[in-house]
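**Q** target-v4.cif is reproduced below (mmCIF, C-alpha atoms).
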```cif
data_final
#
loop_
_atom_site.label_atom_id
_atom_site.label_comp_id
_atom_site.auth_asym_id
_atom_site.auth_seq_id
_atom_site.Cartn_x
_atom_site.Cartn_y
_atom_site.Cartn_z
CA MET A 1 -208.83 -48.37 -10.56
CA LYS A 2 -209.19 -52.12 -10.95
CA LYS A 3 -210.60 -51.59 -14.47
CA LEU A 4 -207.72 -49.28 -15.40
CA SER A 5 -205.18 -51.77 -14.05
CA LEU A 6 -206.82 -54.58 -16.01
CA ILE A 7 -206.80 -52.52 -19.21
CA ALA A 8 -203.14 -51.64 -18.67
CA ILE A 9 -202.25 -55.33 -18.16
CA VAL A 10 -204.16 -56.34 -21.33
CA LEU A 11 -202.46 -53.60 -23.37
CA SER A 12 -199.04 -54.60 -22.03
CA LEU A 13 -199.67 -58.23 -22.94
CA ALA A 14 -200.90 -57.21 -26.43
CA ILE A 15 -197.87 -54.99 -27.05
CA ALA A 16 -195.50 -57.70 -25.79
CA SER A 17 -197.19 -60.26 -28.02
CA PHE A 18 -197.02 -57.95 -31.05
CA ALA A 19 -193.35 -57.17 -30.39
CA GLN A 20 -192.61 -60.90 -30.06
CA ASP A 21 -194.45 -61.65 -33.31
CA SER A 22 -192.63 -58.78 -35.06
CA THR A 23 -189.25 -59.98 -33.80
CA SER A 24 -190.07 -63.53 -34.81
CA THR A 25 -191.12 -62.37 -38.30
CA LYS A 26 -187.91 -60.36 -38.73
CA ARG A 27 -185.86 -63.36 -37.64
CA GLU A 28 -187.65 -65.56 -40.14
CA GLN A 29 -187.15 -63.02 -42.94
CA LYS A 30 -183.47 -62.66 -42.05
CA SER A 31 -183.08 -66.43 -41.98
CA GLU A 32 -184.80 -66.73 -45.36
CA LYS A 33 -182.48 -64.09 -46.88
CA LYS A 34 -179.43 -65.91 -45.51
CA GLU A 35 -180.69 -69.17 -46.98
CA VAL A 36 -181.32 -67.57 -50.39
CA LYS A 37 -177.84 -66.01 -50.33
CA ARG A 38 -176.28 -69.32 -49.27
CA LYS A 39 -178.02 -71.17 -52.10
CA LYS A 40 -176.95 -68.50 -54.61
CA ILE A 41 -173.30 -68.71 -53.49
CA SER A 42 -173.49 -72.49 -53.59
CA GLU A 43 -174.92 -72.38 -57.12
CA LEU A 44 -172.22 -69.92 -58.29
CA MET A 45 -169.51 -72.16 -56.83
CA LYS A 46 -171.02 -75.15 -58.57
CA GLN A 47 -171.15 -73.27 -61.88
CA ALA A 48 -167.54 -72.13 -61.45
CA GLU A 49 -166.48 -75.75 -60.87
CA GLU A 50 -168.36 -76.71 -64.03
CA GLY A 51 -166.53 -73.97 -65.99
CA VAL A 52 -169.48 -71.60 -66.39
CA LEU A 53 -168.58 -67.88 -66.56
CA VAL A 54 -170.83 -66.14 -64.04
CA TYR A 55 -170.45 -62.51 -63.01
CA SER A 56 -172.29 -59.18 -62.88
CA LYS A 57 -169.45 -56.92 -64.03
CA GLN A 58 -166.01 -57.32 -65.58
CA SER A 59 -163.18 -54.82 -65.96
CA ILE A 60 -160.56 -55.64 -68.62
CA PHE A 61 -157.30 -54.14 -69.82
CA GLY A 62 -155.67 -55.27 -73.05
CA ILE A 63 -152.54 -54.94 -75.18
CA GLN A 64 -152.95 -55.49 -78.90
CA LEU A 65 -150.61 -56.09 -81.83
CA ARG A 66 -152.16 -54.94 -85.11
CA THR A 67 -151.18 -55.58 -88.71
CA ASN A 68 -150.54 -51.83 -89.03
CA GLY A 69 -149.36 -50.91 -85.55
CA TYR A 70 -150.12 -51.56 -81.90
CA GLY A 71 -152.43 -50.33 -79.14
CA ILE A 72 -153.95 -50.65 -75.68
CA PHE A 73 -157.57 -50.64 -74.50
CA TYR A 74 -159.90 -50.70 -71.51
CA GLU A 75 -163.26 -52.50 -71.49
CA LEU A 76 -166.13 -52.46 -68.99
CA GLY A 77 -168.64 -55.29 -69.29
CA LYS A 78 -172.06 -55.73 -67.63
CA MET A 79 -173.62 -59.18 -67.88
CA LYS A 80 -177.26 -59.15 -69.04
CA SER A 81 -177.89 -62.90 -69.26
CA ASN A 82 -175.92 -66.11 -68.77
CA ARG A 83 -174.50 -65.67 -72.29
CA LYS A 84 -174.75 -61.99 -73.19
CA THR A 85 -172.68 -59.07 -71.85
CA ASN A 86 -172.91 -55.40 -72.85
CA ILE A 87 -169.45 -53.87 -73.28
CA TYR A 88 -168.16 -50.29 -73.26
CA ARG A 89 -164.65 -49.89 -74.60
CA ILE A 90 -161.95 -47.33 -75.37
CA ASP A 91 -158.96 -48.15 -77.60
CA ILE A 92 -155.82 -46.07 -78.19
CA ALA A 93 -153.48 -47.16 -80.97
CA GLU A 94 -150.74 -45.98 -83.29
CA VAL A 95 -151.14 -46.73 -87.00
CA LYS A 96 -148.06 -47.05 -89.17
CA ASP A 97 -147.85 -47.10 -92.96
CA HIS A 98 -146.51 -50.34 -94.42
CA LYS A 99 -143.86 -48.34 -96.31
CA GLU A 100 -142.32 -46.83 -93.18
CA GLU A 101 -138.64 -47.65 -92.77
CA LYS A 102 -136.25 -46.31 -90.16
CA LEU A 103 -133.00 -44.92 -91.54
CA LEU A 104 -129.79 -43.83 -89.82
CA LYS A 105 -127.66 -41.07 -91.33
CA ASN A 106 -124.52 -42.17 -89.52
CA ALA A 107 -123.86 -45.83 -88.82
CA PHE A 108 -122.22 -45.07 -85.45
CA PHE A 109 -124.27 -42.26 -83.87
CA GLY A 110 -127.31 -40.03 -84.40
CA ASN A 111 -131.10 -40.39 -84.28
CA SER A 112 -132.93 -42.65 -86.71
CA PHE A 113 -135.68 -41.13 -88.88
CA ILE A 114 -138.43 -42.26 -91.27
CA TYR A 115 -137.97 -40.78 -94.70
CA GLY A 116 -141.12 -39.16 -96.09
CA LYS A 117 -143.21 -39.50 -92.94
CA GLN A 118 -145.54 -36.53 -92.54
CA ASN A 119 -147.61 -37.36 -89.46
CA TYR A 120 -147.92 -39.78 -86.59
CA PHE A 121 -151.46 -41.20 -86.51
CA TYR A 122 -153.22 -42.21 -83.25
CA PRO A 123 -156.80 -43.53 -83.55
CA VAL A 124 -158.84 -43.24 -80.33
CA THR A 125 -162.07 -45.27 -80.52
CA LEU A 126 -165.08 -45.09 -78.19
CA ALA A 127 -167.26 -48.18 -78.58
CA PHE A 128 -170.42 -49.95 -77.45
CA GLY A 129 -171.06 -53.60 -78.25
CA GLN A 130 -171.68 -57.08 -76.90
CA GLN A 131 -169.85 -60.23 -75.92
CA TYR A 132 -171.79 -63.45 -76.56
CA ILE A 133 -170.58 -66.70 -75.01
CA LEU A 134 -170.58 -69.40 -77.69
CA GLY A 135 -169.17 -72.17 -75.53
CA GLN A 136 -168.52 -72.49 -71.81
CA LYS A 137 -165.33 -74.03 -70.42
CA GLY A 138 -166.81 -77.40 -69.52
CA ASN A 139 -164.57 -77.36 -66.45
CA LYS A 140 -162.40 -74.80 -64.66
CA ASN A 141 -159.35 -75.85 -66.71
CA GLY A 142 -161.13 -75.43 -70.04
CA VAL A 143 -161.44 -72.50 -72.45
CA ALA A 144 -164.59 -70.39 -72.87
CA VAL A 145 -165.17 -69.12 -76.41
CA SER A 146 -167.03 -65.86 -77.06
CA GLY A 147 -167.94 -63.74 -80.04
CA VAL A 148 -167.37 -60.00 -79.62
CA TYR A 149 -168.59 -57.10 -81.71
CA ASN A 150 -168.58 -53.37 -81.12
CA GLY A 151 -168.55 -50.08 -82.95
CA GLY A 152 -168.80 -46.37 -82.49
CA LEU A 153 -166.88 -43.13 -82.82
CA SER A 154 -163.24 -42.90 -83.91
CA LEU A 155 -161.13 -39.81 -83.30
CA GLY A 156 -157.97 -39.82 -85.38
CA LEU A 157 -155.19 -37.73 -83.84
CA LEU A 158 -152.55 -36.42 -86.26
CA ARG A 159 -149.23 -35.24 -84.81
CA PRO A 160 -146.70 -33.70 -87.22
CA TYR A 161 -143.46 -35.60 -87.75
CA TYR A 162 -140.23 -33.61 -87.35
CA VAL A 163 -136.74 -34.21 -88.72
CA ALA A 164 -133.42 -32.54 -87.97
CA VAL A 165 -131.72 -31.01 -91.03
CA ASP A 166 -128.58 -29.07 -91.93
CA ASP A 167 -129.71 -25.95 -93.78
CA PRO A 168 -127.22 -25.44 -96.68
CA VAL A 169 -128.17 -21.75 -96.94
CA THR A 170 -127.69 -20.70 -93.32
CA GLY A 171 -125.43 -23.55 -92.25
CA GLU A 172 -127.49 -24.15 -89.09
CA ASN A 173 -128.94 -27.43 -87.84
CA LYS A 174 -132.66 -27.09 -87.20
CA THR A 175 -135.74 -29.20 -86.63
CA ILE A 176 -138.59 -28.91 -89.13
CA LYS A 177 -141.92 -30.51 -90.05
CA TYR A 178 -143.21 -30.81 -93.59
CA SER A 179 -144.38 -27.63 -95.33
CA THR A 180 -144.39 -26.44 -98.92
CA ALA A 181 -141.65 -23.94 -98.13
CA ASP A 182 -139.39 -26.56 -96.49
CA SER A 183 -140.23 -29.52 -98.76
CA ALA A 184 -136.74 -29.53 -100.35
CA LEU A 185 -135.09 -29.78 -96.92
CA PHE A 186 -137.66 -32.24 -95.54
CA LEU A 187 -137.19 -34.65 -98.46
CA GLY A 188 -133.58 -33.80 -99.34
CA PRO A 189 -130.19 -35.26 -98.43
CA SER A 190 -129.65 -32.73 -95.63
CA ILE A 191 -131.59 -34.78 -93.04
CA THR A 192 -129.40 -35.67 -90.06
CA GLY A 193 -131.91 -37.55 -87.90
CA GLY A 194 -135.34 -37.60 -86.27
CA GLY A 195 -136.77 -34.58 -84.50
CA GLY A 196 -137.40 -36.35 -81.17
CA PHE A 197 -140.45 -37.72 -79.34
CA GLY A 198 -141.33 -34.41 -77.67
CA LYS A 199 -142.09 -32.54 -80.89
CA GLY A 200 -145.57 -31.79 -82.23
CA TRP A 201 -147.78 -32.60 -79.24
CA ASN A 202 -149.17 -29.05 -79.13
CA GLU A 203 -150.04 -29.23 -82.85
CA ILE A 204 -152.35 -32.25 -82.83
CA LYS A 205 -155.30 -32.20 -85.24
CA VAL A 206 -158.46 -34.28 -84.74
CA LYS A 207 -159.99 -36.23 -87.62
CA PRO A 208 -163.44 -37.68 -86.75
CA GLY A 209 -164.68 -40.97 -88.12
CA ILE A 210 -166.55 -44.20 -87.34
CA PHE A 211 -165.43 -47.78 -86.87
CA GLY A 212 -166.61 -51.37 -86.40
CA LYS A 213 -164.93 -54.44 -84.93
CA VAL A 214 -165.58 -58.22 -84.73
CA ALA A 215 -163.50 -60.73 -82.80
CA MET A 216 -163.28 -64.14 -81.15
CA ARG A 217 -162.28 -64.27 -77.48
CA PHE A 218 -160.72 -67.30 -75.76
CA ASP A 219 -160.86 -67.13 -71.96
CA TYR A 220 -158.48 -69.66 -70.40
CA GLY A 221 -158.43 -68.29 -66.82
CA ARG A 222 -158.98 -70.87 -64.06
CA PHE A 223 -161.07 -68.61 -61.82
CA ASN A 224 -164.21 -66.58 -62.49
CA GLU A 225 -162.87 -63.68 -60.43
CA SER A 226 -160.05 -62.98 -62.91
CA VAL A 227 -159.84 -62.55 -66.67
CA SER A 228 -157.07 -64.18 -68.68
CA ALA A 229 -157.83 -64.33 -72.38
CA LEU A 230 -156.70 -63.97 -75.97
CA GLU A 231 -158.69 -62.04 -78.58
CA ILE A 232 -158.29 -62.35 -82.35
CA GLY A 233 -160.23 -59.98 -84.58
CA MET A 234 -160.55 -57.47 -87.37
CA SER A 235 -161.61 -53.84 -87.41
CA ALA A 236 -162.31 -51.14 -89.96
CA ASP A 237 -162.02 -47.38 -89.42
CA TYR A 238 -163.46 -44.80 -91.81
CA TYR A 239 -162.57 -41.09 -91.49
CA PHE A 240 -164.51 -38.26 -93.09
CA SER A 241 -161.31 -36.70 -94.45
CA LYS A 242 -158.15 -38.33 -95.77
CA ILE A 243 -155.39 -39.19 -93.32
CA PRO A 244 -151.89 -38.04 -94.44
CA ILE A 245 -149.24 -40.30 -92.91
CA MET A 246 -146.59 -40.61 -95.67
CA LEU A 247 -145.85 -37.99 -98.31
CA LEU A 248 -144.94 -40.53 -100.96
CA GLN A 249 -148.02 -42.73 -100.45
CA LYS A 250 -151.70 -42.25 -101.22
CA ASP A 251 -153.74 -40.76 -98.35
CA LYS A 252 -156.68 -42.93 -97.26
CA HIS A 253 -160.13 -42.61 -95.69
CA LEU A 254 -160.40 -46.31 -94.78
CA PHE A 255 -158.11 -48.43 -92.60
CA VAL A 256 -158.72 -52.17 -92.25
CA GLN A 257 -156.58 -54.22 -89.87
CA ALA A 258 -156.40 -57.57 -88.07
CA TYR A 259 -155.18 -57.80 -84.50
CA LEU A 260 -154.17 -60.14 -81.68
CA ALA A 261 -154.74 -58.99 -78.09
CA ILE A 262 -153.82 -60.24 -74.62
CA LEU A 263 -156.52 -59.50 -72.01
CA PHE A 264 -156.34 -59.41 -68.22
CA GLY A 265 -158.71 -58.08 -65.60
CA LYS A 266 -161.23 -58.80 -62.83
CA ARG A 267 -164.87 -59.87 -62.44
CA LYS A 268 -167.42 -59.28 -59.70
#
```
Please lay out the structure from this file as structure tokens.
**A**
Amino acid sequence: MKKLSLIAIVLSLAIASFAQDSTSTKREQKSEKKEVKRKKISELMKQAEEGVLVYSKQSIFGIQLRTNGYGIFYELGKMKSNRKTNIYRIDIAEVKDHKEEKLLKNAFFGNSFIYGKQNYFYPVTLAFGQQYILGQKGNKNGVAVSGVYNGGLSLGLLRPYYVAVDDPVTGENKTIKYSTADSALFLGPSITGGGGFGKGWNEIKVKPGIFGKVAMRFDYGRFNESVSALEIGMSADYYFSKIPIMLLQKDKHLFVQAYLAILFGKRK
């Protein structure tokens, strides 16, 4: 019995010692993790004060004015190094022909229309690329300069353009799109106005293509957690079939445009 009691006491002391050592080790590991985290936060705060863009992910929305239209986009960025970020982006725009001109049949009332317009054209681009920081801010009130490039798939959406006309044969007012049979009405003096925004959405045709884009980005935001920037760039879209926008102009495969965009978003 004495031997058993002695063994039990020794085992209890050994277990208690092991548990104490294990608890002490866990406390030390937890303390080390806290210290590493504290140092990392301190370093990030220091970099932010020095104007260095530091983040793991950024989410950006943008509005762009193009030389041939306008558009919006969304961009997701994942930082790979202190200068390089992989970006995934989707743009939606409307392209207008430089010859488009709105006309009004009656100076006092009625809908305006674009003479000779055959289709609305909406390019939707899906892109992968990179943002490379060329120069940090220097301080939190400075401007970070980055080079941006991306490219990928472009889906051109064609929506037929409608006009309202007075048919001289039947005497009725009707809404038509361009066709060989109605070309005389579509291009004639019987147009009374535009067909309205709701027309043609169920008749959209998809024209596939490819595109590439290069730009300079100027980030003037004061805080790393938010994105406030301007982007100036150029892009080129090539479609595998010609894009008919205006009846009286030459249809094109290639569209080249410059743009200016305002960016806003968040970083983590």
**Q** Where does the PyMOL selection byres ((chain A and resi 194) around 6) land in this file, that is, which residues does it pick, as a ChimeraX atom specification?
**A** /A:111-113,163-164,193,195-196
**Q** Here's the selection I'm unsure about, the PyMOL selection byres ((chain A and resi 197-210) around 6); applied to the file above, which residues does it give, as an MDAnalysis selection string?
**A** chainID A and resid 152:160 196 211 237:240
**Q** Give as a list in words the residues that the PyMOL selection byres ((chain A and resi 99) around 12) matches when applied to the coordinates above.
**A**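 Output of the PyMOL selection byres ((chain A and resi 99) around 12): Asn68, Val95, Lys96, Asp97, His98, Glu100, Glu101, Lys102, Ile114, Tyr115, Gly116, Lys117, Ile245, Met246, Leu247, Leu248, Gln249 and Lys250 of chain A.
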**Q** Using all atoms listed in the file, which of A:Tyr178, A:Phe121, A:Phe223, A:Phe264 sits nearest Phe61 in chain A?
**A** A:Phe264
**Q** Would you mind telling me which residue in A:Gln131, A:Arg267, A:Tyr122, A:Asn86 lies nearest to Ser56 in chain A when using all atoms listed in the file?
**A** A:Arg267
**Q** In Å, how far is it from CA of Tyr55 in chain A to CA of Gly77 in chain A?
**A**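 So the two atoms, CA of Tyr55 in chain A and CA of Gly77 in chain A, lie 9.7 Å apart.
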**Q** Go through A:Leu263, A:Ile63, A:Ile72, A:Leu126 one by one, measure the shortest atom-to-atom distance of each to Arg217 in chain A using only C-alpha atoms, and give the residue with the smallest value.
**A** A:Leu263
**Q** Please indicate the distance in Å from CA of Ser241 in chain A to CA of Tyr88 in chain A, rounded to one decimal place.
**A**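 Computing the Euclidean distance for CA of Ser241 in chain A and CA of Tyr88 in chain A yields 26.1 Å.
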**Q** Counting only C-alpha atoms, which residue out of A:Asn224, A:Asn106, A:Thr192, A:Ser146 sits closest to Val165 in chain A?
**A**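 Nearest to Val165 in chain A: A:Thr192.
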**Q** For CA of Ala181 in chain A and CA of Leu254 in chain A, determine how far apart the two atoms are, in Å to one decimal place.
**A**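 These two atoms are separated by 29.4 Å.
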**Q** Nearest residue to Tyr161 in chain A out of A:Gly142, A:Asn119, A:Thr125, A:Ser235, using all atoms listed in the file?
**A**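 Of A:Gly142, A:Asn119, A:Thr125, A:Ser235, the one nearest Tyr161 in chain A is A:Asn119, counting all atoms listed in the file.
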**Q** Can you list, as a list of chain:residue names, every protein, DNA or RNA residue that comes within 9 Å of Leu53 in chain A when you count all atoms listed in the file, leaving out same-chain residues fewer than 6 positions away?
**A** A:Gln47, A:Asn82, A:Arg83, A:Ile133, A:Gln136, A:Lys137, A:Ala144, A:Phe223, A:Asn224
**Q** What would range 194-225 of chain A look like with N, CA and C atoms restored, written as a compact mmCIF listing (two decimals), keeping the file's coordinate frame?
**A**
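Generated output (rebuild_21.txt):
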```
# COMPACT_ATOMS: atom_id res chain seq x y z
N GLY A 194 -133.97 -37.89 -86.68
CA GLY A 194 -135.34 -37.60 -86.27
C GLY A 194 -135.41 -36.38 -85.37
N GLY A 195 -136.60 -35.79 -85.29
CA GLY A 195 -136.77 -34.58 -84.50
C GLY A 195 -136.98 -34.81 -83.02
N GLY A 196 -137.20 -36.07 -82.60
CA GLY A 196 -137.40 -36.35 -81.17
C GLY A 196 -138.85 -36.57 -80.82
N PHE A 197 -139.09 -37.34 -79.75
CA PHE A 197 -140.45 -37.72 -79.34
C PHE A 197 -141.26 -36.54 -78.81
N GLY A 198 -140.62 -35.52 -78.30
CA GLY A 198 -141.33 -34.41 -77.67
C GLY A 198 -141.92 -33.40 -78.63
N LYS A 199 -141.63 -33.53 -79.92
CA LYS A 199 -142.09 -32.54 -80.89
C LYS A 199 -143.52 -32.81 -81.37
N GLY A 200 -144.28 -31.72 -81.55
CA GLY A 200 -145.57 -31.79 -82.23
C GLY A 200 -146.79 -32.06 -81.38
N TRP A 201 -146.62 -32.26 -80.08
CA TRP A 201 -147.78 -32.60 -79.24
C TRP A 201 -148.76 -31.43 -79.11
N ASN A 202 -148.28 -30.21 -79.22
CA ASN A 202 -149.17 -29.05 -79.13
C ASN A 202 -149.77 -28.67 -80.49
N GLU A 203 -149.54 -29.51 -81.51
CA GLU A 203 -150.04 -29.23 -82.85
C GLU A 203 -150.98 -30.33 -83.35
N ILE A 204 -151.50 -31.12 -82.45
CA ILE A 204 -152.35 -32.25 -82.83
C ILE A 204 -153.65 -31.78 -83.48
N LYS A 205 -154.03 -32.45 -84.56
CA LYS A 205 -155.30 -32.20 -85.24
C LYS A 205 -156.19 -33.42 -85.10
N VAL A 206 -157.50 -33.20 -84.94
CA VAL A 206 -158.46 -34.28 -84.74
C VAL A 206 -159.22 -34.54 -86.02
N LYS A 207 -159.25 -35.81 -86.44
CA LYS A 207 -159.99 -36.23 -87.62
C LYS A 207 -161.09 -37.20 -87.19
N PRO A 208 -162.36 -36.79 -87.20
CA PRO A 208 -163.44 -37.68 -86.75
C PRO A 208 -163.77 -38.76 -87.77
N GLY A 209 -164.28 -39.87 -87.26
CA GLY A 209 -164.68 -40.97 -88.12
C GLY A 209 -165.53 -41.97 -87.35
N ILE A 210 -165.78 -43.12 -87.96
CA ILE A 210 -166.55 -44.20 -87.34
C ILE A 210 -165.78 -45.51 -87.53
N PHE A 211 -166.14 -46.51 -86.75
CA PHE A 211 -165.43 -47.78 -86.87
C PHE A 211 -166.34 -48.94 -86.43
N GLY A 212 -165.95 -50.15 -86.83
CA GLY A 212 -166.61 -51.37 -86.40
C GLY A 212 -165.58 -52.46 -86.18
N LYS A 213 -165.90 -53.41 -85.28
CA LYS A 213 -164.93 -54.44 -84.93
C LYS A 213 -165.65 -55.75 -84.63
N VAL A 214 -165.09 -56.88 -85.08
CA VAL A 214 -165.58 -58.22 -84.73
C VAL A 214 -164.38 -59.04 -84.28
N ALA A 215 -164.62 -59.95 -83.33
CA ALA A 215 -163.50 -60.73 -82.80
C ALA A 215 -164.01 -62.01 -82.15
N MET A 216 -163.06 -62.93 -81.95
CA MET A 216 -163.28 -64.14 -81.15
C MET A 216 -162.41 -64.02 -79.91
N ARG A 217 -163.00 -64.37 -78.75
CA ARG A 217 -162.28 -64.27 -77.48
C ARG A 217 -162.18 -65.65 -76.84
N PHE A 218 -160.98 -65.99 -76.37
CA PHE A 218 -160.72 -67.30 -75.76
C PHE A 218 -160.25 -67.08 -74.33
N ASP A 219 -161.15 -67.36 -73.38
CA ASP A 219 -160.86 -67.13 -71.96
C ASP A 219 -160.37 -68.43 -71.33
N TYR A 220 -159.10 -68.46 -70.94
CA TYR A 220 -158.48 -69.66 -70.40
C TYR A 220 -158.21 -69.54 -68.90
N GLY A 221 -158.66 -68.47 -68.25
CA GLY A 221 -158.43 -68.29 -66.82
C GLY A 221 -159.09 -69.36 -65.99
N ARG A 222 -158.46 -69.77 -64.89
CA ARG A 222 -158.98 -70.87 -64.06
C ARG A 222 -160.08 -70.40 -63.11
N PHE A 223 -160.13 -69.10 -62.82
CA PHE A 223 -161.07 -68.61 -61.82
C PHE A 223 -161.97 -67.54 -62.41
N ASN A 224 -163.25 -67.56 -62.01
CA ASN A 224 -164.21 -66.58 -62.49
C ASN A 224 -163.85 -65.16 -62.08
N GLU A 225 -163.16 -65.02 -60.95
CA GLU A 225 -162.87 -63.68 -60.43
C GLU A 225 -161.83 -62.93 -61.26
```
